[in-house]
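For reference, the structure discussed in these notes is given below.
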Amino acid sequence: MPELPEVEVTRRGLAPDLVGCRLTGTVVRNPALRFPVTPALDSLVGQDLLGLGRRGKYLLFEFDAGSLIVHLGMSGSLRLLSAATPAEKHDHVDLVFGERVVRLRDPRRFGAVLWQPGRAEDHPLLAGLGPEPLSEVLDGPWLYQATRNRSAPIKQVLMDARTLVGVGNIYASESLFRAGIDPRTSARCLGRVRCARLAQAVRDTLEAALVAGGSTLRDFIRSDGSSGYFQLQHFVYGREGEPCRVCGAPIRCLRQGNRSSFYCSRCQR
DNA sequence: CTCGCCACCTGGGGGC
DNA sequence: TGCCCCCAGGTGGCGA
C-alpha cells in the first residue's frame with residue numbers, strides 16, 4: 001500500500017491535530033501484526049506527543065522517552081476519529097488523545113507498531129536505511145555512485161530501502177517511465193546522464209504524488225477518510241494494454257522479483 | 001557483499 | 001452460487 005507519498009500525506013494530516021496533545025489511552029485489539037505490537041503501550045499514557053516524524057515509510061510518534069514506530073505495511077491506514085467511533089473489523093490499534101483517536105486499520109496485518117526508547121533511528125529496522133529521496137542527497141552523482149556495484153535490475157535497486165527509502169512498486173515504475181529507462185536495465189549499466197534523469201524523475205514523481213494526496217487503489221485512505229487521486233495521473237502503473245499517454249503504444253507488464261512492473265517499450269529503453 | 005526467492009496475511013476478482 | 005487460483009501499495013530472512 002503506502003509508499004513515501006501516502007505515509008507523508010498521513011503524517012501531514014495527523015500532525016497539526018495531534019502534536020502537543022497528551023496520550024490518554026491505548027487499545028490493542030490484535031497484537032499479531034508483522035511483529036508483535038510492543039507490549040505495554042500503556043506506559044506511554046500521560047505523555048505528550050512532542051512531534052510526528054517520518055523515516056522512509058515509517059511514521060514516528062515522538063515522546064519524551066522515545067518513539068512509537070508505525071509502519072503501514074501493504075494495507076494499513078491511520079485515521080483520526082472521534083474517540084466514540086466504534087471499531088470495525090481490522091481496526092487493530094488505537095492511540096487515544098482525549099476526545100480523539102488515531103486508529104490503525106490493516107486488513108493484511110503486514111504493518112507494525114514498535115516502541116523504541118531514545119532515538120528512533122537506532123531501531124534495527126531503521127538503522128540500515130538509505131537516504132530520503134526528497135532530501136538534498138538524491139541527485140545524479142549520488143545515484144551514479146550508489147549503483148556502481150549493483151547488477152540487479154534498476155527497478156529492484158530503486159525499491160531496495162538500503163539504497164534509497166520510500167520508493168515502492170508504484171513509484172518505481174512511474175519514475176522509470178518519466179526517466180525513459182527500461183525497468184530491466186542493470187543498475188550498474190546506467191551512465192551519469194541517465195542517473196541524473198532518474199534522480200530527478202524520482203523526486204518529481206514523489207512530489208507530484210504528495211500534491212495529489214497519494215494513490216488510492218484499494219486500502220489507502222487519508223487520515224480524514226478521503227482518497228488520494230494520484231492514481232488518475234499514473235503513466236504506467238496498472239495500465240497494462242492501455243495506450244501510453246506520451247506515444248500511444250500499449251503499456252506492457254512483466255514480473256520482476258515477483259512484482260509487476262509496468263512500462264512503455266517505446267518510451268523506455 | 002549481493003541476488004533471488006519465500007514468507008507473512010486477508011480479501012477481491014475472474015474463470016469455471 | 002461456490003470454489004479455486006491469482007493478485008495486491010512491503011520487507012525481513014533465507015540460502016546460494
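Naming scheme: A, B, ... for chains in displayed order of the C-alpha cells; residues 1 onward per chain; ligands 1 onward as shown.
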I'd like a table as JSON lines: residues in chain A with an atom no more than 10 Å from chain C, each row giving the shortest atom pair and its distance in Å to one decimal, only C-alpha atoms (C1' of nucleotides) counted, sorted by chain and rising residue number.
{"residue": "A:Met1", "atom": "CA", "partner": "C:DG9", "partner_atom": "C1'", "distance": 2.7}
{"residue": "A:Pro2", "atom": "CA", "partner": "C:DG9", "partner_atom": "C1'", "distance": 5.1}
{"residue": "A:Glu3", "atom": "CA", "partner": "C:DG9", "partner_atom": "C1'", "distance": 6.5}
{"residue": "A:Glu6", "atom": "CA", "partner": "C:DG9", "partner_atom": "C1'", "distance": 9.2}
{"residue": "A:Arg34", "atom": "CA", "partner": "C:DG12", "partner_atom": "C1'", "distance": 9.9}
{"residue": "A:Lys57", "atom": "CA", "partner": "C:DG10", "partner_atom": "C1'", "distance": 9.3}
{"residue": "A:His71", "atom": "CA", "partner": "C:DG10", "partner_atom": "C1'", "distance": 9.3}
{"residue": "A:Leu72", "atom": "CA", "partner": "C:DG10", "partner_atom": "C1'", "distance": 8.6}
{"residue": "A:Gly73", "atom": "CA", "partner": "C:DG10", "partner_atom": "C1'", "distance": 5.4}
{"residue": "A:Met74", "atom": "CA", "partner": "C:DG9", "partner_atom": "C1'", "distance": 5.6}
{"residue": "A:Ser75", "atom": "CA", "partner": "C:DG9", "partner_atom": "C1'", "distance": 7.3}
{"residue": "A:Gly76", "atom": "CA", "partner": "C:DG9", "partner_atom": "C1'", "distance": 9.7}
{"residue": "A:Phe110", "atom": "CA", "partner": "C:DG10", "partner_atom": "C1'", "distance": 7.5}
{"residue": "A:Gly111", "atom": "CA", "partner": "C:DG10", "partner_atom": "C1'", "distance": 8.6}
{"residue": "A:Leu125", "atom": "CA", "partner": "C:DG12", "partner_atom": "C1'", "distance": 9.0}
{"residue": "A:Met159", "atom": "CA", "partner": "C:DG10", "partner_atom": "C1'", "distance": 9.9}
{"residue": "A:Asp160", "atom": "CA", "partner": "C:DT11", "partner_atom": "C1'", "distance": 9.1}
{"residue": "A:Ala161", "atom": "CA", "partner": "C:DT11", "partner_atom": "C1'", "distance": 8.8}
{"residue": "A:Gly168", "atom": "CA", "partner": "C:DG9", "partner_atom": "C1'", "distance": 7.1}
{"residue": "A:Asn169", "atom": "CA", "partner": "C:DG9", "partner_atom": "C1'", "distance": 6.7}
{"residue": "A:Ile170", "atom": "CA", "partner": "C:DG9", "partner_atom": "C1'", "distance": 6.8}
{"residue": "A:Tyr171", "atom": "CA", "partner": "C:DG9", "partner_atom": "C1'", "distance": 9.4}
{"residue": "A:Ser215", "atom": "CA", "partner": "C:DG9", "partner_atom": "C1'", "distance": 8.5}
{"residue": "A:Thr216", "atom": "CA", "partner": "C:DG9", "partner_atom": "C1'", "distance": 8.8}
{"residue": "A:Leu217", "atom": "CA", "partner": "C:DG9", "partner_atom": "C1'", "distance": 7.8}
{"residue": "A:Arg218", "atom": "CA", "partner": "C:DA8", "partner_atom": "C1'", "distance": 8.4}
{"residue": "A:Asp219", "atom": "CA", "partner": "C:DG9", "partner_atom": "C1'", "distance": 8.6}
{"residue": "A:Phe220", "atom": "CA", "partner": "C:DG9", "partner_atom": "C1'", "distance": 8.2}
{"residue": "A:Arg259", "atom": "CA", "partner": "C:DA8", "partner_atom": "C1'", "distance": 9.7}
{"residue": "A:Ser260", "atom": "CA", "partner": "C:DC7", "partner_atom": "C1'", "distance": 9.9}
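If you take only C-alpha atoms (C1' of nucleotides) and a cut-off of 10 Å, the residues of chain B that reach chain A are DC1, DT2, DC3, DG4, DC5, DC8, DC9, DT10, DG11 and DG12 of chain B.
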Task: Expected answer as number ranges by chain: strand (DSSP E) residues in range 79-236 of chain A - done: A: 79-82, 91-97, 100-105, 112-117
Keeping only C-alpha atoms, write those residues as a PDB file, in the first residue's frame.
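Okay, again_37.pdb is ready:
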ATOM      1  CA  ARG A  79      -7.414   7.752  10.623  1.00  0.00           C
ATOM      2  CA  LEU A  80      -8.204  10.483  13.084  1.00  0.00           C
ATOM      3  CA  LEU A  81     -11.652   9.851  14.534  1.00  0.00           C
ATOM      4  CA  SER A  82     -13.865  10.757  17.441  1.00  0.00           C
ATOM      5  CA  ASP A  91      -9.025  -1.958  13.457  1.00  0.00           C
ATOM      6  CA  HIS A  92      -6.119  -3.333  15.458  1.00  0.00           C
ATOM      7  CA  VAL A  93      -4.623  -0.458  17.452  1.00  0.00           C
ATOM      8  CA  ASP A  94      -5.893   2.858  18.875  1.00  0.00           C
ATOM      9  CA  LEU A  95      -3.912   5.763  20.248  1.00  0.00           C
ATOM     10  CA  VAL A  96      -6.361   7.862  22.226  1.00  0.00           C
ATOM     11  CA  PHE A  97      -5.802  11.595  22.650  1.00  0.00           C
ATOM     12  CA  ARG A 100      -9.949  11.853  19.508  1.00  0.00           C
ATOM     13  CA  VAL A 101      -8.359   8.600  18.497  1.00  0.00           C
ATOM     14  CA  VAL A 102      -5.744   7.624  15.932  1.00  0.00           C
ATOM     15  CA  ARG A 103      -6.898   4.244  14.645  1.00  0.00           C
ATOM     16  CA  LEU A 104      -4.748   1.754  12.733  1.00  0.00           C
ATOM     17  CA  ARG A 105      -6.700  -0.367  10.273  1.00  0.00           C
ATOM     18  CA  ALA A 112       3.994  -2.777  12.698  1.00  0.00           C
ATOM     19  CA  VAL A 113       3.748  -0.779  15.925  1.00  0.00           C
ATOM     20  CA  LEU A 114       7.034  -0.790  17.811  1.00  0.00           C
ATOM     21  CA  TRP A 115       8.399   1.188  20.737  1.00  0.00           C
ATOM     22  CA  GLN A 116      11.983   2.406  20.502  1.00  0.00           C
ATOM     23  CA  PRO A 117      13.486   4.143  23.520  1.00  0.00           C
TER      24      PRO A 117
END
- [ ] Could you give me the residues within range 6-224 of chain A that DSSP places in helix (DSSP H, G or I), as number ranges by chain?
- [x] A: 6-18, 41-44, 120-122, 124-127, 140-146, 154-158, 169-179, 187-189, 192-211
- [ ] Please indicate the distance in Å from CA of Ala146 in chain A to CA of Arg203 in chain A, rounded to one decimal place.
- [x]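 Straight-line distance from CA of Ala146 in chain A to CA of Arg203 in chain A works out to 16.3 Å.
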Open item on the list: Just the number, please: distance in Å from CA of Ser175 in chain A to CA of Ser227 in chain A, one decimal.
Closed with: 21.8 Å
